[in-house]
$ cat input_7.pdb   # PDB, C-alpha atoms, pLDDT in the B column
ATOM      1  CA  MET A 339      -1.409 -94.195-135.408  1.00 38.00           C
ATOM      2  CA  SER A 340      -1.010 -91.566-132.709  1.00 40.00           C
ATOM      3  CA  ASP A 341      -4.000 -89.812-131.171  1.00 43.00           C
ATOM      4  CA  THR A 342      -1.742 -86.905-130.209  1.00 41.00           C
ATOM      5  CA  ALA A 343      -2.087 -83.638-132.129  1.00 37.00           C
ATOM      6  CA  PRO A 344       0.815 -82.610-134.416  1.00 37.00           C
ATOM      7  CA  ILE A 345       3.573 -80.752-132.642  1.00 36.00           C
ATOM      8  CA  GLU A 346       6.454 -78.542-133.641  1.00 41.00           C
ATOM      9  CA  HIS A 347       9.863 -80.183-133.538  1.00 40.00           C
ATOM     10  CA  PRO A 348      11.813 -78.913-130.532  1.00 43.00           C
ATOM     11  CA  ARG A 349      15.559 -78.286-130.607  1.00 42.00           C
ATOM     12  CA  TRP A 350      16.372 -81.633-129.004  1.00 42.00           C
ATOM     13  CA  LEU A 351      14.854 -83.356-132.044  1.00 46.00           C
ATOM     14  CA  THR A 352      16.209 -81.133-134.806  1.00 40.00           C
ATOM     15  CA  GLY A 353      19.882 -81.235-133.875  1.00 41.00           C
ATOM     16  CA  GLY A 354      20.115 -80.526-130.161  1.00 50.00           C
ATOM     17  CA  ASP A 355      20.454 -82.980-127.297  1.00 74.00           C
ATOM     18  CA  PHE A 356      17.241 -84.979-126.764  1.00 83.00           C
ATOM     19  CA  THR A 357      18.281 -85.512-123.157  1.00 80.00           C
ATOM     20  CA  GLU A 358      17.327 -81.874-122.535  1.00 84.00           C
ATOM     21  CA  ALA A 359      13.647 -82.871-122.711  1.00 85.00           C
ATOM     22  CA  GLU A 360      11.810 -82.451-119.426  1.00 88.00           C
ATOM     23  CA  GLU A 361       8.581 -84.323-120.228  1.00 92.00           C
ATOM     24  CA  PRO A 362       8.377 -87.805-121.797  1.00 96.00           C
ATOM     25  CA  VAL A 363       5.049 -87.759-123.668  1.00 95.00           C
ATOM     26  CA  ARG A 364       6.027 -84.823-125.848  1.00 94.00           C
ATOM     27  CA  LEU A 365       9.410 -86.412-126.518  1.00 95.00           C
ATOM     28  CA  PHE A 366       7.729 -89.693-127.450  1.00 96.00           C
ATOM     29  CA  ALA A 367       5.361 -87.839-129.796  1.00 96.00           C
ATOM     30  CA  ALA A 368       8.318 -86.264-131.584  1.00 94.00           C
ATOM     31  CA  TRP A 369      10.181 -89.564-131.902  1.00 95.00           C
ATOM     32  CA  PHE A 370       7.027 -91.349-133.047  1.00 96.00           C
ATOM     33  CA  ALA A 371       6.398 -88.712-135.710  1.00 95.00           C
ATOM     34  CA  GLU A 372       9.916 -89.253-137.046  1.00 94.00           C
ATOM     35  CA  ALA A 373       9.464 -93.027-136.951  1.00 95.00           C
ATOM     36  CA  ALA A 374       6.233 -92.714-138.944  1.00 94.00           C
ATOM     37  CA  ARG A 375       8.230 -91.029-141.709  1.00 93.00           C
ATOM     38  CA  ALA A 376      11.339 -93.223-141.505  1.00 93.00           C
ATOM     39  CA  GLU A 377      10.106 -96.762-140.880  1.00 91.00           C
ATOM     40  CA  PRO A 378       8.781 -98.525-144.015  1.00 87.00           C
ATOM     41  CA  ILE A 379       6.536-100.995-142.160  1.00 92.00           C
ATOM     42  CA  ASN A 380       4.576-100.658-138.902  1.00 95.00           C
ATOM     43  CA  PRO A 381       6.326 -97.825-137.049  1.00 96.00           C
ATOM     44  CA  ASP A 382       3.570 -98.374-134.462  1.00 97.00           C
ATOM     45  CA  ALA A 383       4.723-101.935-133.704  1.00 98.00           C
ATOM     46  CA  MET A 384       5.711-102.580-130.093  1.00 98.00           C
ATOM     47  CA  THR A 385       6.582-105.520-127.933  1.00 98.00           C
ATOM     48  CA  LEU A 386       4.008-106.079-125.197  1.00 98.00           C
ATOM     49  CA  ALA A 387       5.217-108.078-122.194  1.00 98.00           C
ATOM     50  CA  THR A 388       2.751-109.428-119.646  1.00 98.00           C
ATOM     51  CA  ILE A 389       3.048-111.743-116.651  1.00 97.00           C
ATOM     52  CA  GLY A 390       1.922-115.357-116.982  1.00 95.00           C
ATOM     53  CA  ALA A 391       0.082-117.436-114.396  1.00 92.00           C
ATOM     54  CA  ASP A 392       3.393-119.038-113.362  1.00 94.00           C
ATOM     55  CA  GLY A 393       4.998-115.623-112.847  1.00 94.00           C
ATOM     56  CA  SER A 394       7.123-115.778-115.996  1.00 95.00           C
ATOM     57  CA  PRO A 395       7.116-113.026-118.641  1.00 96.00           C
ATOM     58  CA  ASN A 396       5.255-113.442-121.905  1.00 97.00           C
ATOM     59  CA  ALA A 397       5.941-111.147-124.881  1.00 98.00           C
ATOM     60  CA  ARG A 398       4.485-110.557-128.329  1.00 97.00           C
ATOM     61  CA  MET A 399       4.210-107.780-130.926  1.00 97.00           C
ATOM     62  CA  VAL A 400       1.098-105.594-131.012  1.00 97.00           C
ATOM     63  CA  LEU A 401       0.273-102.229-132.599  1.00 97.00           C
ATOM     64  CA  LEU A 402       0.022 -98.911-130.781  1.00 98.00           C
ATOM     65  CA  LYS A 403      -3.356 -97.371-131.568  1.00 97.00           C
ATOM     66  CA  GLY A 404      -3.181 -94.168-129.574  1.00 96.00           C
ATOM     67  CA  PHE A 405      -1.254 -92.326-126.896  1.00 97.00           C
ATOM     68  CA  ASP A 406      -1.533 -89.176-124.847  1.00 95.00           C
ATOM     69  CA  GLU A 407      -0.724 -88.040-121.328  1.00 94.00           C
ATOM     70  CA  ARG A 408      -2.914 -90.866-119.965  1.00 96.00           C
ATOM     71  CA  GLY A 409      -0.907 -93.678-121.552  1.00 97.00           C
ATOM     72  CA  PHE A 410      -0.440 -96.022-124.521  1.00 98.00           C
ATOM     73  CA  VAL A 411      -3.435 -97.845-126.058  1.00 98.00           C
ATOM     74  CA  PHE A 412      -3.716-101.158-127.905  1.00 98.00           C
ATOM     75  CA  TYR A 413      -6.646-103.456-128.733  1.00 98.00           C
ATOM     76  CA  THR A 414      -7.108-107.207-128.516  1.00 96.00           C
ATOM     77  CA  ASN A 415      -9.426-110.134-127.924  1.00 95.00           C
ATOM     78  CA  LEU A 416     -10.106-110.131-124.176  1.00 96.00           C
ATOM     79  CA  ASP A 417     -10.217-113.945-124.194  1.00 95.00           C
ATOM     80  CA  SER A 418      -6.682-114.192-125.622  1.00 95.00           C
ATOM     81  CA  VAL A 419      -3.693-115.221-123.530  1.00 96.00           C
ATOM     82  CA  LYS A 420      -2.671-111.600-123.043  1.00 96.00           C
ATOM     83  CA  GLY A 421      -6.230-110.690-122.104  1.00 96.00           C
ATOM     84  CA  HIS A 422      -6.332-113.336-119.369  1.00 96.00           C
ATOM     85  CA  GLU A 423      -2.862-112.397-118.138  1.00 97.00           C
ATOM     86  CA  LEU A 424      -3.739-108.702-117.931  1.00 98.00           C
ATOM     87  CA  ALA A 425      -6.964-109.512-116.108  1.00 96.00           C
ATOM     88  CA  ALA A 426      -4.965-111.448-113.504  1.00 97.00           C
ATOM     89  CA  VAL A 427      -1.996-109.063-113.255  1.00 97.00           C
ATOM     90  CA  PRO A 428      -2.780-105.610-114.702  1.00 98.00           C
ATOM     91  CA  LYS A 429       0.833-104.614-115.346  1.00 97.00           C
ATOM     92  CA  ALA A 430       2.795-104.551-118.596  1.00 98.00           C
ATOM     93  CA  ALA A 431       5.958-103.421-120.338  1.00 98.00           C
ATOM     94  CA  LEU A 432       6.266-102.039-123.872  1.00 98.00           C
ATOM     95  CA  THR A 433       9.297-101.719-126.137  1.00 98.00           C
ATOM     96  CA  PHE A 434       9.495 -99.712-129.346  1.00 98.00           C
ATOM     97  CA  TYR A 435      12.529-100.158-131.586  1.00 97.00           C
ATOM     98  CA  TRP A 436      12.995 -98.035-134.693  1.00 96.00           C
ATOM     99  CA  LYS A 437      16.006 -99.516-136.439  1.00 93.00           C
ATOM    100  CA  SER A 438      16.248 -96.845-139.129  1.00 92.00           C
ATOM    101  CA  LEU A 439      16.502 -94.150-136.438  1.00 94.00           C
ATOM    102  CA  GLN A 440      18.643 -96.199-134.047  1.00 93.00           C
ATOM    103  CA  ARG A 441      16.205 -95.422-131.250  1.00 95.00           C
ATOM    104  CA  GLN A 442      14.394 -97.424-128.608  1.00 97.00           C
ATOM    105  CA  VAL A 443      11.704 -96.519-126.081  1.00 98.00           C
ATOM    106  CA  ARG A 444      10.810 -98.718-123.115  1.00 98.00           C
ATOM    107  CA  VAL A 445       7.642 -98.267-121.051  1.00 98.00           C
ATOM    108  CA  ARG A 446       6.527 -99.901-117.811  1.00 98.00           C
ATOM    109  CA  GLY A 447       3.198 -99.297-116.156  1.00 98.00           C
ATOM    110  CA  SER A 448      -0.133-100.429-114.837  1.00 98.00           C
ATOM    111  CA  VAL A 449      -2.891-101.465-117.240  1.00 98.00           C
ATOM    112  CA  GLU A 450      -6.519-100.403-117.341  1.00 98.00           C
ATOM    113  CA  PRO A 451      -9.327-101.106-119.841  1.00 97.00           C
ATOM    114  CA  VAL A 452     -10.332 -98.293-122.156  1.00 97.00           C
ATOM    115  CA  ALA A 453     -13.889 -96.990-121.959  1.00 97.00           C
ATOM    116  CA  ALA A 454     -16.476 -98.833-124.045  1.00 97.00           C
ATOM    117  CA  GLU A 455     -17.102 -95.647-126.037  1.00 97.00           C
ATOM    118  CA  GLU A 456     -13.412 -95.389-126.883  1.00 97.00           C
ATOM    119  CA  ALA A 457     -13.284 -99.030-128.015  1.00 97.00           C
ATOM    120  CA  ASP A 458     -16.452 -98.574-130.100  1.00 97.00           C
ATOM    121  CA  ALA A 459     -15.011 -95.510-131.810  1.00 97.00           C
ATOM    122  CA  TYR A 460     -11.772 -97.271-132.722  1.00 97.00           C
ATOM    123  CA  PHE A 461     -13.515-100.479-133.841  1.00 96.00           C
ATOM    124  CA  ALA A 462     -15.642 -98.447-136.248  1.00 96.00           C
ATOM    125  CA  THR A 463     -12.472 -97.250-138.030  1.00 96.00           C
ATOM    126  CA  ARG A 464     -11.196-100.775-138.754  1.00 95.00           C
ATOM    127  CA  ALA A 465     -11.504-102.345-142.189  1.00 94.00           C
ATOM    128  CA  ARG A 466     -14.695-104.379-142.477  1.00 96.00           C
ATOM    129  CA  MET A 467     -12.859-107.702-142.868  1.00 94.00           C
ATOM    130  CA  ALA A 468     -10.796-106.893-139.759  1.00 95.00           C
ATOM    131  CA  GLN A 469     -14.076-106.317-137.927  1.00 95.00           C
ATOM    132  CA  ILE A 470     -15.381-109.665-139.179  1.00 95.00           C
ATOM    133  CA  GLY A 471     -12.144-111.317-138.116  1.00 94.00           C
ATOM    134  CA  ALA A 472     -12.594-110.035-134.574  1.00 94.00           C
ATOM    135  CA  TRP A 473     -15.857-112.008-134.419  1.00 93.00           C
ATOM    136  CA  ALA A 474     -14.513-115.113-136.170  1.00 92.00           C
ATOM    137  CA  SER A 475     -11.230-115.547-134.290  1.00 90.00           C
ATOM    138  CA  LYS A 476     -11.033-117.298-130.934  1.00 85.00           C
ATOM    139  CA  GLN A 477      -7.625-115.728-130.443  1.00 84.00           C
ATOM    140  CA  SER A 478      -4.967-117.993-128.887  1.00 82.00           C
ATOM    141  CA  ALA A 479      -7.298-121.034-128.798  1.00 81.00           C
ATOM    142  CA  ALA A 480      -6.314-124.226-130.628  1.00 82.00           C
ATOM    143  CA  LEU A 481      -7.430-124.211-134.292  1.00 79.00           C
ATOM    144  CA  GLU A 482      -8.233-127.560-135.866  1.00 88.00           C
ATOM    145  CA  SER A 483      -7.640-126.312-139.417  1.00 90.00           C
ATOM    146  CA  ARG A 484      -7.375-123.167-141.505  1.00 92.00           C
ATOM    147  CA  LEU A 485     -10.608-124.221-143.191  1.00 91.00           C
ATOM    148  CA  ALA A 486     -12.462-124.037-139.882  1.00 88.00           C
ATOM    149  CA  PHE A 487     -11.358-120.432-139.455  1.00 88.00           C
ATOM    150  CA  GLU A 488     -12.320-119.556-143.023  1.00 91.00           C
ATOM    151  CA  LYS A 489     -15.782-121.054-142.422  1.00 91.00           C
ATOM    152  CA  ALA A 490     -16.156-118.882-139.327  1.00 87.00           C
ATOM    153  CA  VAL A 491     -15.172-115.811-141.357  1.00 90.00           C
ATOM    154  CA  ALA A 492     -17.750-116.737-144.006  1.00 94.00           C
ATOM    155  CA  ARG A 493     -20.440-117.283-141.366  1.00 92.00           C
ATOM    156  CA  TYR A 494     -19.937-113.850-139.779  1.00 90.00           C
ATOM    157  CA  THR A 495     -19.599-112.197-143.181  1.00 93.00           C
ATOM    158  CA  ALA A 496     -23.070-113.485-143.979  1.00 94.00           C
ATOM    159  CA  LYS A 497     -24.420-112.550-140.535  1.00 93.00           C
ATOM    160  CA  PHE A 498     -23.272-108.940-140.896  1.00 94.00           C
ATOM    161  CA  ALA A 499     -23.936-108.635-144.622  1.00 92.00           C
ATOM    162  CA  ILE A 500     -26.054-105.526-144.128  1.00 91.00           C
ATOM    163  CA  GLY A 501     -25.199-102.529-142.002  1.00 91.00           C
ATOM    164  CA  ALA A 502     -22.349-101.766-139.648  1.00 95.00           C
ATOM    165  CA  VAL A 503     -20.458-104.545-137.864  1.00 96.00           C
ATOM    166  CA  PRO A 504     -20.859-104.119-134.083  1.00 95.00           C
ATOM    167  CA  ARG A 505     -17.895-104.482-131.746  1.00 97.00           C
ATOM    168  CA  PRO A 506     -17.751-107.984-130.233  1.00 96.00           C
ATOM    169  CA  PRO A 507     -18.235-108.053-126.449  1.00 95.00           C
ATOM    170  CA  HIS A 508     -14.976-109.988-126.125  1.00 96.00           C
ATOM    171  CA  TRP A 509     -12.912-107.387-128.014  1.00 96.00           C
ATOM    172  CA  SER A 510     -11.693-104.122-126.522  1.00 97.00           C
ATOM    173  CA  GLY A 511      -8.656-102.084-125.618  1.00 97.00           C
ATOM    174  CA  TYR A 512      -6.170-101.545-122.822  1.00 98.00           C
ATOM    175  CA  ARG A 513      -4.226 -98.485-121.761  1.00 98.00           C
ATOM    176  CA  VAL A 514      -0.749 -98.870-120.293  1.00 98.00           C
ATOM    177  CA  VAL A 515      -0.488 -96.068-117.743  1.00 98.00           C
ATOM    178  CA  PRO A 516       3.265 -95.479-117.472  1.00 98.00           C
ATOM    179  CA  TYR A 517       5.284 -95.002-114.343  1.00 97.00           C
ATOM    180  CA  GLU A 518       8.580 -95.320-116.227  1.00 98.00           C
ATOM    181  CA  ILE A 519       9.550 -94.323-119.784  1.00 98.00           C
ATOM    182  CA  GLU A 520      13.119 -94.759-121.008  1.00 97.00           C
ATOM    183  CA  PHE A 521      14.573 -93.269-124.195  1.00 97.00           C
ATOM    184  CA  TRP A 522      17.655 -94.831-125.803  1.00 96.00           C
ATOM    185  CA  HIS A 523      19.627 -93.535-128.779  1.00 93.00           C
ATOM    186  CA  GLU A 524      22.398 -95.590-130.329  1.00 89.00           C
ATOM    187  CA  ARG A 525      25.871 -94.026-130.478  1.00 88.00           C
ATOM    188  CA  PRO A 526      29.151 -95.292-131.978  1.00 87.00           C
ATOM    189  CA  PHE A 527      31.159 -97.815-129.975  1.00 89.00           C
ATOM    190  CA  ARG A 528      28.103 -98.579-127.805  1.00 88.00           C
ATOM    191  CA  LEU A 529      28.437 -95.229-126.024  1.00 88.00           C
ATOM    192  CA  HIS A 530      24.674 -94.796-126.187  1.00 89.00           C
ATOM    193  CA  ASP A 531      22.533 -91.997-124.768  1.00 91.00           C
ATOM    194  CA  ARG A 532      19.857 -93.037-122.264  1.00 94.00           C
ATOM    195  CA  ILE A 533      17.407 -91.046-120.166  1.00 96.00           C
ATOM    196  CA  THR A 534      14.557 -92.314-118.049  1.00 97.00           C
ATOM    197  CA  PHE A 535      11.477 -90.597-116.654  1.00 97.00           C
ATOM    198  CA  THR A 536       9.766 -92.008-113.562  1.00 97.00           C
ATOM    199  CA  ARG A 537       6.808 -91.029-111.406  1.00 96.00           C
ATOM    200  CA  ALA A 538       5.175 -92.411-108.292  1.00 94.00           C
ATOM    201  CA  ALA A 539       1.564 -92.107-109.511  1.00 93.00           C
ATOM    202  CA  PRO A 540      -0.335 -91.216-112.708  1.00 91.00           C
ATOM    203  CA  THR A 541      -0.915 -87.665-111.472  1.00 90.00           C
ATOM    204  CA  ALA A 542       2.565 -87.190-109.980  1.00 94.00           C
ATOM    205  CA  PRO A 543       5.240 -85.088-111.704  1.00 94.00           C
ATOM    206  CA  TRP A 544       7.927 -86.818-113.742  1.00 96.00           C
ATOM    207  CA  SER A 545      11.495 -87.157-112.490  1.00 96.00           C
ATOM    208  CA  LYS A 546      14.290 -87.485-115.053  1.00 96.00           C
ATOM    209  CA  SER A 547      17.607 -89.313-114.778  1.00 95.00           C
ATOM    210  CA  ARG A 548      20.418 -89.901-117.223  1.00 93.00           C
ATOM    211  CA  LEU A 549      21.718 -93.482-117.342  1.00 89.00           C
ATOM    212  CA  TYR A 550      24.986 -95.131-118.248  1.00 91.00           C
ATOM    213  CA  PRO A 551      24.791 -97.028-121.563  1.00 92.00           C
TER     214      PRO A 551
END
$ encode --input "input_7.pdb" --output "structure tokens"
Amino acid sequence: MSDTAPIEHPRWLTGGDFTEAEEPVRLFAAWFAEAARAEPINPDAMTLATIGADGSPNARMVLLKGFDERGFVFYTNLDSVKGHELAAVPKAALTFYWKSLQRQVRVRGSVEPVAAEEADAYFATRARMAQIGAWASKQSAALESRLAFEKAVARYTAKFAIGAVPRPPHWSGYRVVPYEIEFWHERPFRLHDRITFTRAAPTAPWSKSRLYP
């Protein structure tokens, strides 16, 4: 879940107007905390959109594994389709949708790899079979049969029968460094509330605008 420390709920979360917020990361942390309590399954699920070799978008669901003022972190097989696309064009878009809260957050930004130490630390927290799976899966490659995958899982289970499972060299994380974050809250009759925060560079101050629904 979030790597951000717990925060007190500001007025714009507990009954006031969320559009009063002046900084997007704190607002996201508050919304994410509410989603973690309200959503029954995977409140950390997000759509990740990348750019394919032909210039067309490519989207799939991944899990948010950390966020702070630097950006939003997820992990994957670097040899997967998304890994190759991000290596070629290090830009991405994220979308969170929490149906029970009638809220959506959209993020656009550049993408950078996380530090090896950060990836190692997260990998060590994964369930052992998930660690084994990271070794056994050639993510996105053609699979001749389910049995072939199960044999690979068995082979790596035996290989790492004793001791900790090391992080595979082809498995790591990415950080989406945002230059735009939009918050959307559903209202009756499609008269929704929308605000967007933009900045020119990762160290630049945020600028806020309110948008028509």
$ residues_around --input "input_7.pdb" --residues "Tyr494 in chain A" --least-positions-apart "5" --cutoff "12 Å" --atoms "all atoms listed in the file" --output "VMD selection string"
chain A and resid 466 to 475 487 to 489 499 to 500 503 to 504 506
$ residues_around --input "input_7.pdb" --residues "range 442-456 of chain A" --least-positions-apart "6" --cutoff "6 Å" --atoms "all atoms listed in the file" --output "list in words"
Pro428, Lys429, Ala430, Ala431, Leu432, Thr433, Phe434, Tyr435, Gly511, Tyr512, Arg513, Val514, Val515, Pro516, Tyr517, Glu518, Ile519, Glu520, Phe521 and Trp522 of chain A
$ resolve_selection --input "input_7.pdb" --expression "the PyMOL selection byres ((chain A and resi 377-384) around 6)" --output "PyMOL selection string"
chain A and resi 373-374+376+385+399-402+433-434
$ closest_residue --input "input_7.pdb" --among "A:Thr357, A:Arg375, A:Gln440, A:Val363" --to "Arg408 in chain A" --atoms "all atoms listed in the file"
A:Val363
$ residues_around --input "input_7.pdb" --residues "Lys420 in chain A" --least-positions-apart "4" --cutoff "9 Å" --atoms "all atoms listed in the file" --output "list in words"
Leu386, Ala387, Thr388, Ile389, Gly390, Asn396, Ala397, Arg398, Thr414, Asn415, Leu416, Leu424, Ala425 and Ser478 of chain A
$ closest_residue --input "input_7.pdb" --among "A:Trp436, A:Trp509, A:Phe410, A:Tyr550" --to "Trp369 in chain A" --atoms "only C-alpha atoms"
A:Trp436
$ residues_around --input "input_7.pdb" --residues "Ala391 in chain A" --least-positions-apart "6" --cutoff "9 Å" --atoms "all atoms listed in the file" --output "list of chain:residue names"
A:Glu423, A:Ala426, A:Val427
$ atom_distance --input "input_7.pdb" --atom1 "CA of Asp458 in chain A" --atom2 "CA of Thr541 in chain A"
26.6 Å
$ atom_distance --input "input_7.pdb" --atom1 "CA of Ser545 in chain A" --atom2 "CA of Phe527 in chain A"
28.4 Å
$ atom_distance --input "input_7.pdb" --atom1 "CA of Gln477 in chain A" --atom2 "CA of Tyr460 in chain A"
19.1 Å
$ axis_aligned_box --input "input_7.pdb" --around "range 469-475 of chain A" --padding-each-side "5 Å" --output "JSON"
{"center_x": -13.5, "center_y": -110.9, "center_z": -136.7, "size_x": 14.6, "size_y": 19.2, "size_z": 14.9}
$ closest_residue --input "input_7.pdb" --among "A:Ala539, A:Val411, A:Ala371, A:Ile533" --to "Leu439 in chain A" --atoms "only C-alpha atoms"
A:Ala371
